[in-house]
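J.: First the structure, then my questions, so here it is.
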Amino acid sequence: MARRTTTRGLLAAATAGVALLVPAGTVVAAPAPAGAALPQARIFMVNPVQSTGDENLADGRDSATAVPESAYALASLRNLDASGRLSGRWASVRSETGAPAAVSAAASYNRHDDQFEQVMAYFWVNEAQEYLQGLGFGSELPGANDRQQPVRINQWGADNSFFTDKKDEIRFGKGGVDDAEDAEVIVHEYGHAVHEAQVPGFGSSAEAGAIGEAFGDYLAVAVGEHAVQAYGWQRRADLACVADWDSVPYSAAPHCLRRVDGNKTYADLEGEVHADGEIWSRALFDIRKALGARTADRIIVNAQFGFAPDTSFRDAALKTIATARSMYGAAAADAVRAAFAARQIPGVA
């Protein structure tokens, strides 16, 4: 297969052992369940803008003091192998800059350390796959990228990240806010890996590419919100805003890379996959609101197994409607149809 990359698209312009944040902002690790002495890691609670609500945060050249202590939490690193590195069942992380992160030190890194991004990448890729596993993918439903996902940090010195099917690898860039500091950027790129695992070569047409970008944005929102609910974190920014922290250097407040609740319709297609993806992601977000997160996400992900690499909005919408009907019946199918009809997808009445 020819080399193909799927990019984030903007250049420079767990329930166990999670930490509790006491009012003074001190991080205190809650005890892990008996027999589950899992390594602890210091991570961002999705991203600092989302957890603090502070739209005035700035990168400060990776300064440790640019982000308050209250943006961090301690959480368990699950599914690790015995290597002592960030390698495990669902993710394997290596870095192009700095020393490799040590699991034994994962609770001590902050954003000034190159190793912090490595820890973030491992935690959030694992979290994304665990979320899919929790929906039944890999057990009652087919697995969706249920393998060890290779990840490289700071592959370029540019503010860009992408998934490449050359090695089925995710690569996170550096520049501005380092991309792997924002969980929604991490999970967005993981969404491309999920699509490629489900349908090899996915994204070979403009509309399929837009669907890919939309699903990445949607999955980022879904996984982040699931973590907020599971761990009892605070979310103080708009759920529909994607990558609030990564987008600080190149967007006006309130900072968003993109949104999943916009008003675009099919008539607004412009031939740029990230912009056009906002049509599809709004439909997915509406399905979520209509059916609830679990039901919606089981339908959305399961339908993707039936997409073609060059699928159109029309064909993908009809496949998703049919999947809703087969899984949950006519009422669910009607809700999915209404979401796509509101986006004026051709062939969806």
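Residues in the structure tokens are named by chain (A, B, ... in the order shown) and by number from 1 within that chain; ligands are numbered from 1 in the order shown.
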Please identify every residue of range 325-346 of chain A that has at least one atom no farther than 10 Å from an atom of range 295-318 of chain A, counting only C-alpha atoms, and for each give the shortest atom pair and the distance in Å to one decimal, arranged by chain then increasing number, as CSV.

T.:
residue,atom,partner,partner_atom,distance
A:Arg325,CA,A:Ile299,CA,9.2
A:Ser326,CA,A:Ile299,CA,9.5
A:Met327,CA,A:Ile299,CA,7.4
A:Tyr328,CA,A:Thr295,CA,8.4
A:Ala332,CA,A:Ala296,CA,8.9
A:Ala333,CA,A:Ile299,CA,9.7
A:Ala335,CA,A:Ala296,CA,10.0
A:Val336,CA,A:Ala317,CA,8.4
A:Arg337,CA,A:Ala317,CA,7.8
A:Ala339,CA,A:Ala317,CA,9.5
A:Phe340,CA,A:Ala317,CA,6.6
A:Ala341,CA,A:Ala317,CA,9.3
A:Gln344,CA,A:Arg314,CA,9.8
A:Ile345,CA,A:Arg314,CA,6.0
A:Pro346,CA,A:Arg314,CA,5.6

J.: Within 10 Å of Ala214 in chain A, counting only C-alpha atoms, which residues show up once you throw out same-chain ones fewer than 3 positions away? Write them as a ChimeraX atom specification, please.

T.: /A:188,191-192,208-211,217-220,258-260,273-284

J.: Enter the distance from CA of Ala322 in chain A to CA of Thr265 in chain A, in Å, rounded to one decimal.

T.: 21.4 Å

J.: Just the residues within 12 Å of Gly60 in chain A, please, counting only C-alpha atoms, with nothing from its chain fewer than 6 positions along; format it as a list in words.

T.: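 In the requested format, the answer is Ala66, Val67, Arg111, His112, Gly175, Gly176, Val177, Asp178, Val248 and Pro249 of chain A.
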
J.: Using DSSP on the backbone coordinates, identify all residues within range 115-209 of chain A classified as strand (DSSP E or B); present the result as a list in words.

T.: Phe137, Leu141, Gln149, Pro150, Val151, Arg152, Ile153, Phe162, Phe163, Thr164, Glu169, Ile170, Arg171 and Phe172 of chain A

J.: Quick one: write out the picked residues with C-alpha atoms as a PDB file, in the first residue's frame?

T.:
ATOM      1  CA  PHE A 137     -15.419  -4.288  20.936  1.00  0.00           C
ATOM      2  CA  LEU A 141     -18.346  -7.221  18.862  1.00  0.00           C
ATOM      3  CA  GLN A 149      -0.404   0.708  18.995  1.00  0.00           C
ATOM      4  CA  PRO A 150       3.060   2.106  18.156  1.00  0.00           C
ATOM      5  CA  VAL A 151       3.482   5.776  19.104  1.00  0.00           C
ATOM      6  CA  ARG A 152       6.405   8.130  18.480  1.00  0.00           C
ATOM      7  CA  ILE A 153       6.759  11.461  20.285  1.00  0.00           C
ATOM      8  CA  PHE A 162      -0.529  12.285  12.213  1.00  0.00           C
ATOM      9  CA  PHE A 163      -1.258   8.609  11.794  1.00  0.00           C
ATOM     10  CA  THR A 164       0.577   6.811   9.018  1.00  0.00           C
ATOM     11  CA  GLU A 169       2.052   4.325  13.704  1.00  0.00           C
ATOM     12  CA  ILE A 170       0.927   7.529  15.418  1.00  0.00           C
ATOM     13  CA  ARG A 171       3.443  10.380  15.508  1.00  0.00           C
ATOM     14  CA  PHE A 172       3.085  13.436  17.728  1.00  0.00           C
TER      15      PHE A 172
END

J.: Please provide the set of residues having any atom within 12 Å of Ala105 in chain A, restricted to only C-alpha atoms, with same-chain residues fewer than 6 positions apart removed, written as a PyMOL selection string.

T.: chain A and resi 39-42+77+84-86+113+115-116+118-119

J.: Export, as a PDB file, in the first residue's frame, the selected residues with C-alpha atoms.

T.:
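Ended up saving to selection-v6.pdb:
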ATOM      1  CA  PRO A  39       2.231   2.131  38.750  1.00  0.00           C
ATOM      2  CA  GLN A  40       1.024   5.700  39.061  1.00  0.00           C
ATOM      3  CA  ALA A  41       1.470   8.428  36.460  1.00  0.00           C
ATOM      4  CA  ARG A  42       1.065  12.185  36.537  1.00  0.00           C
ATOM      5  CA  LEU A  77      -0.874   2.915  34.226  1.00  0.00           C
ATOM      6  CA  GLY A  84       9.842  -0.955  32.826  1.00  0.00           C
ATOM      7  CA  ARG A  85       9.091   1.262  29.822  1.00  0.00           C
ATOM      8  CA  LEU A  86       5.855   2.610  28.416  1.00  0.00           C
ATOM      9  CA  ASP A 113       9.934  17.100  30.976  1.00  0.00           C
ATOM     10  CA  GLN A 115       8.932  12.227  29.404  1.00  0.00           C
ATOM     11  CA  PHE A 116       5.603  13.781  30.426  1.00  0.00           C
ATOM     12  CA  GLN A 118       5.384   9.985  26.613  1.00  0.00           C
ATOM     13  CA  VAL A 119       3.367   9.196  29.734  1.00  0.00           C
TER      14      VAL A 119
END

J.: So what do you get for CA of Pro48 in chain A versus CA of Ala71 in chain A, distance-wise?

T.: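 According to the coordinates, CA of Pro48 in chain A and CA of Ala71 in chain A are separated by 5.1 Å.
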
J.: Can you pull out every residue within 8 Å of Glu55 in chain A, counting only C-alpha atoms, but drop anything in the same chain fewer than 3 positions away, and send it as an MDAnalysis selection string?

T.: chainID A and resid 49 253:255

J.: Tell me, as number ranges by chain, which residues lie within 10 Å of Pro142 in chain A, counting only C-alpha atoms; anything in the same chain fewer than 3 positions away does not count.

T.: A: 133, 136-139, 145-146, 198, 302, 305

J.: Store the residues picked out above in a file with N, CA and C atoms, as a tab-separated table (two decimals), in the first residue's frame.

T.:
chain	number	residue	atom	x	y	z
A	133	GLN	N	-13.10	-1.33	24.45
A	133	GLN	CA	-13.32	-2.65	25.04
A	133	GLN	C	-14.56	-2.64	25.92
A	136	GLY	N	-17.74	-3.26	24.29
A	136	GLY	CA	-17.94	-4.60	23.77
A	136	GLY	C	-17.10	-4.94	22.56
A	137	PHE	N	-16.26	-4.01	22.10
A	137	PHE	CA	-15.42	-4.29	20.94
A	137	PHE	C	-14.21	-5.10	21.38
A	138	GLY	N	-14.10	-6.29	20.78
A	138	GLY	CA	-13.09	-7.23	21.20
A	138	GLY	C	-13.65	-8.36	22.02
A	139	SER	N	-14.96	-8.32	22.28
A	139	SER	CA	-15.63	-9.41	23.02
A	139	SER	C	-16.91	-9.79	22.27
A	145	ASN	N	-9.03	-2.05	16.50
A	145	ASN	CA	-7.63	-1.71	16.78
A	145	ASN	C	-7.17	-2.30	18.11
A	146	ASP	N	-7.64	-3.50	18.41
A	146	ASP	CA	-7.27	-4.15	19.67
A	146	ASP	C	-5.92	-4.85	19.50
A	198	GLN	N	-10.15	-1.04	11.12
A	198	GLN	CA	-11.47	-1.53	10.72
A	198	GLN	C	-11.57	-1.69	9.20
A	302	ASN	N	-19.44	0.33	15.42
A	302	ASN	CA	-19.79	-0.93	14.75
A	302	ASN	C	-20.12	-0.70	13.28
A	305	PHE	N	-17.24	-0.76	10.46
A	305	PHE	CA	-16.74	-1.99	9.85
A	305	PHE	C	-17.31	-2.19	8.45

J.: Step one, run DSSP on the backbone; step two, keep only residues of range 56-249 of chain A assigned to helix (DSSP H, G or I); then write them as an NGL selection string.

T.: :A and (64-66 or 69-71 or 103-105 or 114-134 or 179-181 or 183-198 or 206-231 or 248-249)

J.: Have a look at A:Asp59, A:Glu127, A:Glu272, A:Glu225 and name the one nearest to Tyr250 in chain A; count only C-alpha atoms.

T.: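 Among the listed residues, the smallest separation from Tyr250 in chain A belongs to A:Asp59.
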
J.: One number please: CA of Ala101 in chain A to CA of Thr65 in chain A, in Å, one decimal.

T.: 20.8 Å

J.: Leaving out Met120 in chain A and any residue of its chain fewer than 3 positions from it, which residues lie within 7 Å of it when counting only C-alpha atoms, given as a ChimeraX atom specification?

T.: /A:43,116-117,123-124,180-181

J.: Nearest residue to Cys241 in chain A out of A:Leu269, A:Val185, A:Leu38, A:Leu135, using only C-alpha atoms?

T.: A:Val185
